[in-house]
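Some notes on the structure that comes next.
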Amino acid sequence: MSRTPFRTRYSAASLLRQGLAGQTGWGEAWRAPAPRPRYDFVIIGGGGHGLATAYYLAKLHGANRVAVLEKGWIGGGNTGGNTTIVRSNYFFPESAALYDHALRLYEGLSQELNYNIMLSQRGVVTIAHSHHDMELMARSVNAMLINGIDVELLDAEGVHREIKIANRDPHARFPIHGGFVQRRGGIARHDAVAWGYARAADAMGVDIIQNCEVTGFRFDGARVVGVETSRGPIAAGRVGMAVSGHSGVLAAKAGFKLPIQSYALQAMVTEPVKPVLDTVILSGSTGIYCSQSDKGEMVFGAGLDLYPSYAQRGNLPVGQTIIAALLDMFPRFRTLKLLRQWAGIVDVCWDYSPLIGPSPVEGLYLNCGWGTGGFKAIPAGGWLLAHILATGQHHPISAPFDLNRFTTGRLIDEAAGAGIAH
Amino acid sequence: MLALPCPHCGTRDEAEFQFGGEPAIRPPSAVTDTVWAEYVYMRSNEKGPHRELWCHAGGCGQWFVLTRNTATHAVLP
């Protein structure tokens, strides 16, 4: 793989040099170019998926007229607001192929981008709370093993070995009965993923244009040939759309509907404390997922607010349920203060699997509908959309996730398979 | 917290209600897969005023249609 020509290559030597120079010599990580009138590829959305798409278009497909249009600032949406968990422990072979492709790319990403994404493969432990949970989990684990995913079934003691501070009370509302672990799962620094892709894409000539909102599409007959933006019209050979919680809004501008409903997903962090939790925990029954950040905060979330919302704020009943679920598993967290609570808007497909591929409109391509799990998929989502934009063809990994599955009925129903209660 | 107007019981907290999707009219069964998929799966999913079904599941059980602004959560007349 050829080296990307960064203006400043980050290394121990450059860190030392800058340390001695009082950190005054760091150059900009990416430019702030004015939009050109025409690009071969325009990507709408400067989150992880959009930036990764631009990066792989330039890196793997030799595209040199690529723009990423971001209405706010890059990584300022769900990429910057998620709970940073990465894993590929999925039930269906199509999903395992997709998410494991992402995890494999994540594993090499810090080196590839010359940017530390702080990937910490500390393991992801999913908890079973009853004999019945355990039987279903054994079935899921067998399916994952057949899919080639590194998972291990754990008994209750096995879970307690992984999570020293979990509730041992057999009379807990949701007692720990067992679980399974994916040791290659973990967390990564979400902002760094966006910034790393942005810097590497920019170094290959991609124009990252912030504060540039797409307000409509330009058509030639039935074909999309560009976009209208808050900074003027931009012509495009092909347009890709990776806008997280706003797919329905953009689809309406292009004149079609999607099998998507947008919901608010809450997340919270506590005050920082010393290290007590060195893995990621999930529970399908309570929906809770939690990890401790490098700063020491407990980062956690659970189910969706179950009615459509673009309001980017969570409701109180769901917030209380999330906190109750956390405290049931970790009673000692009762003394922690909540530092922040927020909600991002997530686009959920009916089968809880994403949409990747051509839209109903010629010239416009989709990477959306990731629901509550888009962060873990960023490298694969970008890699696959880049492949589709560059070649006009599906990759075998993306083909099952085409929009046409809602007409053929070949859904990839991860609603239960993904192991999170929604 | 939403406060939703049940036509039978008056204004109650959101915890008593269940969201029931966008209202749609079921097409006759002898339609193409595309028309059927449109009915079953495709949604307008508007940002702004949004017509939606709700059920007062934890109360009187009444179903009703509501217009609600999905960007602000305000219930509209």
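How things are named: the first chain in the structure tokens is A, the next is B, and so on; residues count from 1 in each chain; ligands count from 1 in the order shown.
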| Can you list, as a ChimeraX atom specification, every protein, DNA or RNA residue that comes within 8 Å of B:Lys47 when you count only C-alpha atoms, leaving out same-chain residues fewer than 5 positions away? | /A:249,309-310 /B:69-71
Would you put the residues from that selection into a file with N, CA and C atoms, as a PDB file, in the first residue's frame?
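Heads up, here's the output in result-v2.pdb:
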ATOM      1  N   VAL A 249     -35.145  12.991   5.050  1.00  0.00           N
ATOM      2  CA  VAL A 249     -35.249  14.387   4.621  1.00  0.00           C
ATOM      3  C   VAL A 249     -34.630  14.547   3.230  1.00  0.00           C
ATOM      4  N   SER A 309     -38.563  10.986  15.839  1.00  0.00           N
ATOM      5  CA  SER A 309     -38.082  12.259  16.361  1.00  0.00           C
ATOM      6  C   SER A 309     -36.874  12.741  15.569  1.00  0.00           C
ATOM      7  N   TYR A 310     -36.849  14.041  15.344  1.00  0.00           N
ATOM      8  CA  TYR A 310     -35.638  14.707  14.839  1.00  0.00           C
ATOM      9  C   TYR A 310     -35.151  15.727  15.870  1.00  0.00           C
TER      10      TYR A 310
ATOM     11  N   ASN B  69     -45.168  17.673  15.502  1.00  0.00           N
ATOM     12  CA  ASN B  69     -43.953  18.156  14.852  1.00  0.00           C
ATOM     13  C   ASN B  69     -42.768  17.311  15.341  1.00  0.00           C
ATOM     14  N   THR B  70     -42.165  16.527  14.444  1.00  0.00           N
ATOM     15  CA  THR B  70     -41.100  15.616  14.881  1.00  0.00           C
ATOM     16  C   THR B  70     -39.800  16.355  15.195  1.00  0.00           C
ATOM     17  N   ALA B  71     -39.704  17.618  14.770  1.00  0.00           N
ATOM     18  CA  ALA B  71     -38.485  18.378  15.077  1.00  0.00           C
ATOM     19  C   ALA B  71     -38.569  19.034  16.447  1.00  0.00           C
TER      20      ALA B  71
END
| request: Find the residues in chain B near chain A: any atom within 8 Å counts, using only C-alpha atoms. Write them as JSON, numbers by chain. | output: {"B": [1, 2, 15, 19, 33, 34, 36, 37, 41, 42, 43, 44, 45, 46, 47, 70, 71, 72, 73]}
Save the residues we just selected, N, CA, C and O atoms, as a JSON list (two decimals), in the first residue's frame?
[["chain", "number", "residue", "atom", "x", "y", "z"],
["B", 1, "MET", "N", -40.58, 14.74, 28.05],
["B", 1, "MET", "CA", -41.84, 13.98, 28.22],
["B", 1, "MET", "C", -42.95, 14.58, 27.37],
["B", 1, "MET", "O", -43.23, 15.76, 27.48],
["B", 2, "LEU", "N", -43.56, 13.75, 26.52],
["B", 2, "LEU", "CA", -44.69, 14.22, 25.73],
["B", 2, "LEU", "C", -45.95, 14.19, 26.60],
["B", 2, "LEU", "O", -46.09, 13.33, 27.45],
["B", 15, "ALA", "N", -45.89, 7.98, 28.71],
["B", 15, "ALA", "CA", -45.66, 6.60, 29.16],
["B", 15, "ALA", "C", -46.91, 5.73, 28.99],
["B", 15, "ALA", "O", -46.81, 4.51, 28.93],
["B", 19, "PHE", "N", -46.80, 4.33, 20.24],
["B", 19, "PHE", "CA", -46.77, 4.87, 18.88],
["B", 19, "PHE", "C", -47.18, 3.77, 17.91],
["B", 19, "PHE", "O", -46.75, 2.62, 18.04],
["B", 33, "ASP", "N", -45.48, -6.52, -6.16],
["B", 33, "ASP", "CA", -44.62, -6.50, -4.98],
["B", 33, "ASP", "C", -44.18, -5.08, -4.64],
["B", 33, "ASP", "O", -44.04, -4.72, -3.47],
["B", 34, "THR", "N", -43.98, -4.26, -5.67],
["B", 34, "THR", "CA", -43.52, -2.89, -5.44],
["B", 34, "THR", "C", -44.58, -2.09, -4.69],
["B", 34, "THR", "O", -44.26, -1.38, -3.73],
["B", 36, "TRP", "N", -46.97, -3.30, -2.84],
["B", 36, "TRP", "CA", -47.12, -3.88, -1.51],
["B", 36, "TRP", "C", -45.98, -3.43, -0.59],
["B", 36, "TRP", "O", -46.20, -3.04, 0.56],
["B", 37, "ALA", "N", -44.74, -3.42, -1.11],
["B", 37, "ALA", "CA", -43.58, -2.98, -0.33],
["B", 37, "ALA", "C", -43.75, -1.51, 0.06],
["B", 37, "ALA", "O", -43.42, -1.11, 1.18],
["B", 41, "TYR", "N", -43.58, -1.02, 3.94],
["B", 41, "TYR", "CA", -42.27, -0.58, 4.46],
["B", 41, "TYR", "C", -41.92, 0.90, 4.28],
["B", 41, "TYR", "O", -41.17, 1.45, 5.08],
["B", 42, "MET", "N", -42.38, 1.52, 3.19],
["B", 42, "MET", "CA", -41.89, 2.87, 2.91],
["B", 42, "MET", "C", -42.61, 3.91, 3.78],
["B", 42, "MET", "O", -43.82, 3.81, 3.99],
["B", 43, "ARG", "N", -41.84, 4.89, 4.26],
["B", 43, "ARG", "CA", -42.40, 5.89, 5.17],
["B", 43, "ARG", "C", -41.99, 7.29, 4.71],
["B", 43, "ARG", "O", -40.87, 7.49, 4.22],
["B", 44, "SER", "N", -42.90, 8.25, 4.94],
["B", 44, "SER", "CA", -42.54, 9.64, 4.61],
["B", 44, "SER", "C", -41.52, 10.14, 5.64],
["B", 44, "SER", "O", -40.63, 10.90, 5.30],
["B", 45, "ASN", "N", -41.67, 9.72, 6.90],
["B", 45, "ASN", "CA", -40.67, 10.02, 7.94],
["B", 45, "ASN", "C", -40.31, 11.49, 7.97],
["B", 45, "ASN", "O", -39.14, 11.87, 8.03],
["B", 46, "GLU", "N", -41.34, 12.35, 7.94],
["B", 46, "GLU", "CA", -41.09, 13.80, 7.80],
["B", 46, "GLU", "C", -40.38, 14.40, 9.01],
["B", 46, "GLU", "O", -40.65, 14.00, 10.15],
["B", 47, "LYS", "N", -39.53, 15.38, 8.72],
["B", 47, "LYS", "CA", -39.03, 16.25, 9.77],
["B", 47, "LYS", "C", -39.96, 17.46, 9.78],
["B", 47, "LYS", "O", -40.03, 18.21, 8.80],
["B", 70, "THR", "N", -42.16, 16.53, 14.44],
["B", 70, "THR", "CA", -41.10, 15.62, 14.88],
["B", 70, "THR", "C", -39.80, 16.35, 15.20],
["B", 70, "THR", "O", -38.90, 15.79, 15.80],
["B", 71, "ALA", "N", -39.70, 17.62, 14.77],
["B", 71, "ALA", "CA", -38.49, 18.38, 15.08],
["B", 71, "ALA", "C", -38.57, 19.03, 16.45],
["B", 71, "ALA", "O", -37.55, 19.28, 17.09],
["B", 72, "THR", "N", -39.81, 19.33, 16.92],
["B", 72, "THR", "CA", -39.96, 20.02, 18.21],
["B", 72, "THR", "C", -40.75, 19.20, 19.22],
["B", 72, "THR", "O", -40.78, 19.54, 20.39],
["B", 73, "HIS", "N", -41.41, 18.13, 18.78],
["B", 73, "HIS", "CA", -42.31, 17.29, 19.58],
["B", 73, "HIS", "C", -43.62, 17.99, 19.94],
["B", 73, "HIS", "O", -44.40, 17.47, 20.73]]
| strand (DSSP E) residues, from DSSP on the backbone, in chain B, as an NGL selection string | :B and (3-6 or 10-13 or 18-19 or 49-55 or 63-69 or 75-76)
| Skipping near chain neighbours, those fewer than 4 positions away, what residues fall within 8 Å of B:Glu52 using only C-alpha atoms, listed as a ChimeraX atom specification? | /B:19-23,65-68
Please produce a file of those selected residues containing C-alpha atoms, as a compact mmCIF listing (two decimals), in the first residue's frame.
# COMPACT_ATOMS: atom_id res chain seq x y z
CA PHE B 19 -46.77 4.87 18.88
CA GLY B 20 -48.54 3.09 16.02
CA GLY B 21 -46.86 4.29 12.84
CA GLU B 22 -47.97 6.41 9.91
CA PRO B 23 -51.59 5.97 8.86
CA VAL B 65 -54.56 10.10 14.64
CA LEU B 66 -52.34 12.94 15.75
CA THR B 67 -50.27 15.54 13.93
CA ARG B 68 -47.04 16.16 15.79
| Non-local contacts of A:Ile176 (12 Å; only C-alpha atoms; under 5 positions in same chain excluded) as a count of residues only | 33
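The list of residues with at least one atom within 6 Å of stretch 135-151 of chain A, based on only C-alpha atoms and without residues fewer than 6 positions apart in the same chain, reads A:Phe91, A:Pro93, A:Val181, A:Gln182.
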| Excluding same-chain residues fewer than 2 positions from B:His56, what lies within 8 Å of it counting only C-alpha atoms, as an MDAnalysis selection string? | chainID B and resid 6 16:18 54 58:63
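Relative to atom CA of A:Ile187, atom CA of A:Arg122 is found at 7.4 Å.
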| task | Just the residues within 10 Å of B:Pro5, please, counting only C-alpha atoms, with nothing from its chain fewer than 4 positions along; format it as a PyMOL selection string. | result | chain B and resi 9-14+54+56+64+66+75
I need the residues of chain B that end up classed as helix (DSSP H, G or I) by DSSP on the backbone, written out as a CSV table (one decimal) with N, CA and C atoms, in the first residue's frame.
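Writing the result to states-v8.csv gives the following:
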chain,number,residue,atom,x,y,z
B,14,GLU,N,-46.8,10.6,28.1
B,14,GLU,CA,-46.4,9.7,27.0
B,14,GLU,C,-46.2,8.2,27.5
B,15,ALA,N,-45.9,8.0,28.7
B,15,ALA,CA,-45.7,6.6,29.2
B,15,ALA,C,-46.9,5.7,29.0
B,16,GLU,N,-48.1,6.4,28.9
B,16,GLU,CA,-49.3,5.6,28.8
B,16,GLU,C,-49.6,5.2,27.3
B,33,ASP,N,-45.5,-6.5,-6.2
B,33,ASP,CA,-44.6,-6.5,-5.0
B,33,ASP,C,-44.2,-5.1,-4.6
B,34,THR,N,-44.0,-4.3,-5.7
B,34,THR,CA,-43.5,-2.9,-5.4
B,34,THR,C,-44.6,-2.1,-4.7
B,35,VAL,N,-45.8,-2.2,-5.1
B,35,VAL,CA,-46.9,-1.5,-4.5
B,35,VAL,C,-47.1,-2.0,-3.0
B,36,TRP,N,-47.0,-3.3,-2.8
B,36,TRP,CA,-47.1,-3.9,-1.5
B,36,TRP,C,-46.0,-3.4,-0.6
B,37,ALA,N,-44.7,-3.4,-1.1
B,37,ALA,CA,-43.6,-3.0,-0.3
B,37,ALA,C,-43.7,-1.5,0.1
B,38,GLU,N,-44.3,-0.7,-0.9
B,38,GLU,CA,-44.5,0.7,-0.6
B,38,GLU,C,-45.4,0.8,0.6
B,39,TYR,N,-46.5,0.0,0.6
B,39,TYR,CA,-47.5,0.1,1.7
B,39,TYR,C,-46.9,-0.4,3.0
B,40,VAL,N,-46.2,-1.5,3.0
B,40,VAL,CA,-45.7,-2.2,4.2
B,40,VAL,C,-44.5,-1.4,4.8
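Interatomic distance, atom CA of A:Ala380 to atom CA of A:Lys59: 14.2 Å.
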| task | Pick out the closest residue to A:Val361 from this set: A:Gly287, A:Gly232, A:Leu385, A:Leu403. Count only C-alpha atoms. | result |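 Using only C-alpha atoms, the shortest distance to A:Val361 belongs to A:Leu403.
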